[in-house]
>>> print(open('input_39.cif').read())   # mmCIF, C-alpha atoms
data_model
loop_
_atom_site.label_atom_id
_atom_site.label_comp_id
_atom_site.auth_asym_id
_atom_site.auth_seq_id
_atom_site.Cartn_x
_atom_site.Cartn_y
_atom_site.Cartn_z
CA MET A 1 173.43 134.04 70.96
CA THR A 2 170.76 131.64 72.23
CA LEU A 3 167.27 132.72 73.27
CA THR A 4 168.03 132.27 76.97
CA GLU A 5 171.24 134.28 76.65
CA ARG A 6 169.22 137.11 75.08
CA LEU A 7 166.65 136.88 77.87
CA HIS A 8 169.35 136.98 80.52
CA GLN A 9 170.86 140.02 78.81
CA ALA A 10 167.47 141.77 78.70
CA ALA A 11 167.00 141.22 82.44
CA ALA A 12 170.63 142.01 83.35
CA PRO A 13 169.96 145.31 85.22
CA ILE A 14 167.38 143.82 87.58
CA TRP A 15 169.37 140.57 87.79
CA GLN A 16 172.41 142.44 89.09
CA LYS A 17 170.29 144.34 91.60
CA THR A 18 168.98 141.02 92.86
CA LEU A 19 172.48 139.61 93.39
CA THR A 20 173.39 142.67 95.46
CA HIS A 21 170.11 143.05 97.36
CA PRO A 22 170.71 143.50 101.11
CA PHE A 23 168.62 140.41 101.93
CA VAL A 24 170.82 138.30 99.67
CA THR A 25 174.10 139.81 100.86
CA GLY A 26 172.94 139.58 104.48
CA LEU A 27 172.16 135.92 103.93
CA GLY A 28 175.66 135.45 102.57
CA ASP A 29 177.54 137.18 105.39
CA GLY A 30 175.25 136.14 108.24
CA THR A 31 174.04 139.66 109.11
CA LEU A 32 170.44 139.08 107.95
CA PRO A 33 168.13 139.13 111.01
CA LEU A 34 166.55 135.73 111.64
CA GLU A 35 163.13 137.42 111.74
CA ASN A 36 163.51 138.28 108.06
CA PHE A 37 164.63 134.79 107.16
CA ARG A 38 161.65 133.27 108.98
CA PHE A 39 159.34 135.63 107.10
CA TYR A 40 160.97 134.56 103.84
CA MET A 41 160.60 130.87 104.71
CA CYS A 42 156.87 131.29 105.34
CA GLN A 43 156.33 133.19 102.12
CA ASP A 44 158.43 130.71 100.19
CA TYR A 45 156.19 127.92 101.48
CA VAL A 46 153.18 129.73 100.01
CA PHE A 47 155.16 130.20 96.81
CA LEU A 48 155.92 126.46 96.55
CA ILE A 49 152.22 125.62 96.63
CA GLU A 50 151.50 127.84 93.62
CA TYR A 51 154.76 126.77 91.95
CA SER A 52 153.40 123.22 92.08
CA ARG A 53 150.31 124.35 90.16
CA LEU A 54 152.61 125.77 87.46
CA LEU A 55 154.47 122.45 87.25
CA ALA A 56 151.19 120.58 86.87
CA LEU A 57 150.20 122.86 84.00
CA ALA A 58 153.65 122.50 82.41
CA THR A 59 153.28 118.71 82.59
CA ALA A 60 149.98 118.92 80.74
CA LYS A 61 151.44 121.20 78.05
CA ALA A 62 154.60 119.15 77.46
CA PRO A 63 154.92 118.02 73.81
CA ASP A 64 156.48 114.61 74.47
CA LEU A 65 156.67 111.90 77.13
CA ASP A 66 160.23 112.72 78.16
CA THR A 67 159.44 116.38 78.88
CA MET A 68 156.16 115.39 80.50
CA GLY A 69 158.02 112.96 82.74
CA ARG A 70 160.62 115.55 83.76
CA PHE A 71 157.96 118.03 84.83
CA ALA A 72 155.90 115.30 86.52
CA ASN A 73 158.95 114.16 88.46
CA LEU A 74 159.70 117.74 89.47
CA LEU A 75 156.09 118.16 90.61
CA ASP A 76 156.28 114.94 92.64
CA ALA A 77 159.60 115.98 94.18
CA THR A 78 158.21 119.41 95.11
CA LEU A 79 154.94 118.18 96.61
CA ASN A 80 156.17 115.04 98.33
CA ARG A 81 159.79 115.78 99.24
CA GLU A 82 160.77 119.43 98.95
CA MET A 83 157.80 120.72 100.92
CA ALA A 84 158.44 118.15 103.67
CA LEU A 85 162.09 119.25 103.78
CA HIS A 86 160.91 122.87 103.84
CA ARG A 87 158.77 122.09 106.92
CA GLU A 88 161.70 120.34 108.61
CA PHE A 89 164.06 123.22 107.81
CA ALA A 90 161.48 125.76 109.00
CA ALA A 91 161.14 123.84 112.28
CA GLN A 92 164.90 124.20 112.81
CA CYS A 93 164.41 127.96 112.40
CA GLY A 94 161.62 128.00 114.99
CA ILE A 95 158.63 127.92 112.61
CA SER A 96 155.97 125.30 113.29
CA ALA A 97 154.14 123.37 110.57
CA ALA A 98 150.94 125.05 111.76
CA ALA A 99 152.48 128.49 111.31
CA LEU A 100 153.57 127.62 107.79
CA ALA A 101 150.10 126.33 106.90
CA ALA A 102 148.49 129.49 108.29
CA THR A 103 150.72 131.85 106.32
CA GLN A 104 148.87 134.46 104.27
CA ALA A 105 150.65 135.46 101.10
CA ALA A 106 152.09 138.96 101.30
CA PRO A 107 151.08 141.30 98.43
CA THR A 108 154.22 140.68 96.39
CA ALA A 109 154.08 136.91 96.88
CA ARG A 110 150.45 136.93 95.78
CA ALA A 111 151.19 139.06 92.72
CA TYR A 112 154.17 136.92 91.70
CA THR A 113 152.37 133.60 92.02
CA ASP A 114 149.31 134.98 90.24
CA HIS A 115 151.61 136.00 87.38
CA LEU A 116 153.18 132.53 87.20
CA VAL A 117 149.92 130.59 87.29
CA ARG A 118 148.21 132.93 84.83
CA VAL A 119 151.02 132.55 82.29
CA ALA A 120 151.02 128.77 82.74
CA ALA A 121 147.24 128.55 82.42
CA LEU A 122 146.88 130.77 79.37
CA GLY A 123 150.22 130.46 77.58
CA ASN A 124 152.07 127.70 75.78
CA LEU A 125 154.95 125.69 77.24
CA ALA A 126 157.62 128.15 76.07
CA GLU A 127 155.84 130.98 77.86
CA THR A 128 155.43 128.82 80.97
CA VAL A 129 159.14 127.98 81.06
CA ALA A 130 160.04 131.64 80.46
CA ALA A 131 157.98 132.56 83.52
CA LEU A 132 159.57 129.85 85.65
CA LEU A 133 163.20 130.18 84.56
CA PRO A 134 164.21 133.38 86.44
CA CYS A 135 163.41 131.63 89.72
CA GLN A 136 165.47 128.52 89.01
CA TRP A 137 168.31 130.30 87.23
CA GLY A 138 168.38 133.19 89.67
CA TYR A 139 168.52 130.97 92.77
CA CYS A 140 171.29 128.96 91.14
CA GLU A 141 173.36 132.10 90.52
CA ILE A 142 172.68 133.43 94.03
CA GLY A 143 173.64 130.12 95.63
CA GLN A 144 176.84 129.81 93.59
CA THR A 145 177.77 133.47 94.15
CA LEU A 146 177.36 133.21 97.92
CA ALA A 147 179.13 129.83 98.05
CA ARG A 148 182.24 131.38 96.50
CA ARG A 149 182.49 133.74 99.46
CA SER A 150 183.15 132.93 103.11
CA LYS A 151 180.06 131.14 104.43
CA PRO A 152 178.26 132.49 107.53
CA VAL A 153 179.29 129.58 109.77
CA THR A 154 177.76 131.27 112.82
CA VAL A 155 174.30 130.92 111.22
CA PRO A 156 173.97 127.28 110.09
CA PHE A 157 170.49 127.86 108.61
CA TYR A 158 172.00 130.22 106.07
CA VAL A 159 174.85 127.84 105.23
CA GLN A 160 172.32 125.06 104.56
CA TRP A 161 170.32 127.37 102.30
CA ILE A 162 173.40 128.41 100.33
CA ASP A 163 174.60 124.84 99.94
CA MET A 164 171.21 123.71 98.63
CA TYR A 165 171.04 126.30 95.86
CA ALA A 166 174.75 126.06 95.01
CA SER A 167 174.47 122.30 94.53
CA PRO A 168 175.23 120.59 91.19
CA GLU A 169 171.72 119.08 91.27
CA PHE A 170 170.07 122.48 91.36
CA ALA A 171 172.42 123.78 88.65
CA ALA A 172 171.46 120.81 86.46
CA LEU A 173 167.77 121.66 86.81
CA ALA A 174 168.37 125.28 85.81
CA ALA A 175 170.47 124.11 82.84
CA TRP A 176 167.74 121.72 81.69
CA LEU A 177 165.13 124.48 81.76
CA ARG A 178 167.41 126.76 79.73
CA GLU A 179 167.98 124.00 77.18
CA LEU A 180 164.25 123.30 77.00
CA LEU A 181 163.38 126.95 76.42
CA ASP A 182 166.04 127.26 73.74
CA ALA A 183 164.57 124.19 72.02
CA LEU A 184 161.12 125.81 72.17
CA ALA A 185 162.33 129.15 70.81
CA ASP A 186 160.37 128.82 67.56
CA THR A 187 157.06 128.04 69.28
CA ALA A 188 156.41 131.49 70.77
CA ASP A 189 156.95 135.15 70.04
CA ALA A 190 160.36 136.32 71.25
CA LYS A 191 159.00 139.69 72.40
CA ARG A 192 156.35 137.98 74.50
CA LEU A 193 158.92 135.61 76.03
CA THR A 194 161.11 138.60 76.91
CA GLU A 195 158.19 140.36 78.59
CA ILE A 196 157.35 137.28 80.63
CA PHE A 197 160.96 136.52 81.59
CA CYS A 198 161.68 140.10 82.64
CA ALA A 199 158.44 140.30 84.63
CA SER A 200 159.42 137.19 86.58
CA ALA A 201 162.94 138.55 87.09
CA ARG A 202 161.45 141.73 88.56
CA TYR A 203 159.20 139.70 90.83
CA GLU A 204 162.25 137.74 92.01
CA TYR A 205 163.86 141.01 93.07
CA LEU A 206 160.65 142.20 94.69
CA PHE A 207 160.31 138.90 96.59
CA TRP A 208 163.63 139.60 98.34
CA GLU A 209 162.56 143.20 98.93
CA MET A 210 159.27 141.93 100.40
CA ALA A 211 161.13 139.72 102.89
CA TYR A 212 163.66 142.43 103.71
CA ARG A 213 160.89 144.88 104.58
CA LEU A 214 158.56 142.30 106.18
CA GLU A 215 155.82 143.35 103.78
CA SER A 216 152.20 143.08 104.94
CA TRP A 217 148.72 144.04 103.84
CA ALA A 218 148.57 146.80 106.47
CA VAL A 219 148.01 150.32 105.10
#
>>> encode(input="input_39.cif", output="C-alpha cells")
Amino acid sequence: MTLTERLHQAAAPIWQKTLTHPFVTGLGDGTLPLENFRFYMCQDYVFLIEYSRLLALATAKAPDLDTMGRFANLLDATLNREMALHREFAAQCGISAAALAATQAAPTARAYTDHLVRVAALGNLAETVAALLPCQWGYCEIGQTLARRSKPVTVPFYVQWIDMYASPEFAALAAWLRELLDALADTADAKRLTEIFCASARYEYLFWEMAYRLESWAV
C-alpha cells in the first residue's frame, strides 16, 4: 500500500462524511439554496488567496526544476486565470467583484487557511503536499461522484461547478500530487504526514459545514 493510500484510509471516516454532507448532496441534486452557494463562493475566493501563498512556498521548497515548474505554473494559473474565472462565475451567481474583495474569512475558513500556510511555512515539501492533497483529491472525488448522478439541470451554476471538478484535467492534478507525495514518502515522518493530512481532511468537511450553516463571527 502506498503512502497516499494509507493516508486516504486513515481519513476514510471523515472523507465519507464529506461526500454525504448535505451541502454536497444539495449541490448535486439542485436543492442547495443559492444563498449558501453564494456564501461558499465568497469564502472560496478568500481560500484561493491563501492557497496561492501555499503554492508559492511549495515552489520555493521544491527539490528540482521540474517540480518547481509544476508548482509555479499552478500558482500562475491560480492567480492569473482561476481567480479571474472565479470572479466571472461569481458574477453569474449575482456576486460582484467588490463583494468578493470585501469578504471577511469566516472562522473555519480562517482556521483552515492558517493551518495550510503554517504547515507550508514551517514544514518540508512532503508536509506541504500532505496539507494540500485533501483539498485537491477531495474535490476530485466529489466532482466525479456528483457527475455520475443526474445533474441538477435546473441550476446551471451547480452543473458548471460539478463539471469543473469532475474534469480529467482536475483529476490529473490530484493524481500528480499523490504521485509526488508518494515519491517524497522517505523525506518526512509518516505519523506527522498522517496528522497533517487528516487535519486538512477535517477542515474540508468543516468548510462545507461552514457554508451550509452560513457561519459568521457573531456570538
>>> resolve_selection(input="input_39.cif", expression="the PyMOL selection byres ((chain A and resi 212) around 10)", output="list of chain:residue names")
A:His21, A:Pro22, A:Phe23, A:Val24, A:Gly26, A:Leu32, A:Pro33, A:Glu35, A:Asn36, A:Phe37, A:Phe39, A:Tyr40, A:Leu206, A:Phe207, A:Trp208, A:Glu209, A:Met210, A:Ala211, A:Arg213, A:Leu214, A:Glu215
>>> write_last_selection(input="input_39.cif", atoms="C-alpha atoms", output="short mmCIF file (atom, residue, chain, number, x, y, z; two decimals), in the coordinates of the input")
data_model
loop_
_atom_site.label_atom_id
_atom_site.label_comp_id
_atom_site.auth_asym_id
_atom_site.auth_seq_id
_atom_site.Cartn_x
_atom_site.Cartn_y
_atom_site.Cartn_z
CA HIS A 21 170.11 143.05 97.36
CA PRO A 22 170.71 143.50 101.11
CA PHE A 23 168.62 140.41 101.93
CA VAL A 24 170.82 138.30 99.67
CA GLY A 26 172.94 139.58 104.48
CA LEU A 32 170.44 139.08 107.95
CA PRO A 33 168.13 139.13 111.01
CA GLU A 35 163.13 137.42 111.74
CA ASN A 36 163.51 138.28 108.06
CA PHE A 37 164.63 134.79 107.16
CA PHE A 39 159.34 135.63 107.10
CA TYR A 40 160.97 134.56 103.84
CA LEU A 206 160.65 142.20 94.69
CA PHE A 207 160.31 138.90 96.59
CA TRP A 208 163.63 139.60 98.34
CA GLU A 209 162.56 143.20 98.93
CA MET A 210 159.27 141.93 100.40
CA ALA A 211 161.13 139.72 102.89
CA ARG A 213 160.89 144.88 104.58
CA LEU A 214 158.56 142.30 106.18
CA GLU A 215 155.82 143.35 103.78
#
>>> atom_distance(input="input_39.cif", atom1="CA of Leu19 (chain A)", atom2="CA of Arg81 (chain A)")
27.6 Å
>>> resolve_selection(input="input_39.cif", expression="the PyMOL selection byres ((chain A and resi 202) around 12)", output="VMD selection string")
chain A and resid 10 to 18 108 111 to 112 115 131 134 to 135 138 195 to 201 203 to 209
>>> residues_near_point(input="input_39.cif", point="(146.6, 128.0, 80.5)", cutoff="12 Å", atoms="all atoms listed in the file", output="list in words")
Arg53, Leu54, Leu55, Ala56, Leu57, Ala58, Thr59, Ala60, Lys61, His115, Leu116, Val117, Arg118, Val119, Ala120, Ala121, Leu122, Gly123, Asn124, Leu125, Ala126, Glu127 and Thr128 of chain A
>>> residues_around(input="input_39.cif", residues="Met164 (chain A)", least_positions_apart="6", cutoff="10 Å", atoms="only C-alpha atoms", output="PyMOL selection string")
chain A and resi 139-140+143-144+158+170
>>> residues_around(input="input_39.cif", residues="Ser96 (chain A)", least_positions_apart="4", cutoff="12 Å", atoms="all atoms listed in the file", output="VMD selection string")
chain A and resid 38 41 to 42 86 to 92 100 to 103
>>> atom_distance(input="input_39.cif", atom1="CA of Arg192 (chain A)", atom2="CA of Leu132 (chain A)")
14.2 Å
>>> closest_residue(input="input_39.cif", among="A:Pro168, A:Glu5, A:Gly28, A:Asp76", to="Ile142 (chain A)", atoms="only C-alpha atoms")
A:Gly28
>>> closest_residue(input="input_39.cif", among="A:Tyr165, A:Phe71, A:Trp217, A:Trp137", to="Thr4 (chain A)", atoms="all atoms listed in the file")
A:Trp137
>>> atom_distance(input="input_39.cif", atom1="CA of Ile49 (chain A)", atom2="CA of Met83 (chain A)")
8.6 Å
>>> closest_residue(input="input_39.cif", among="A:Ala99, A:Leu181, A:Leu146, A:Ala175", to="Asp163 (chain A)", atoms="only C-alpha atoms")
A:Leu146
>>> closest_residue(input="input_39.cif", among="A:Gly69, A:Gly94, A:Pro107, A:Gly30", to="Ser216 (chain A)", atoms="all atoms listed in the file")
A:Pro107
>>> closest_residue(input="input_39.cif", among="A:Asp64, A:Ser167, A:Tyr45, A:Cys93", to="Leu79 (chain A)", atoms="all atoms listed in the file")
A:Tyr45
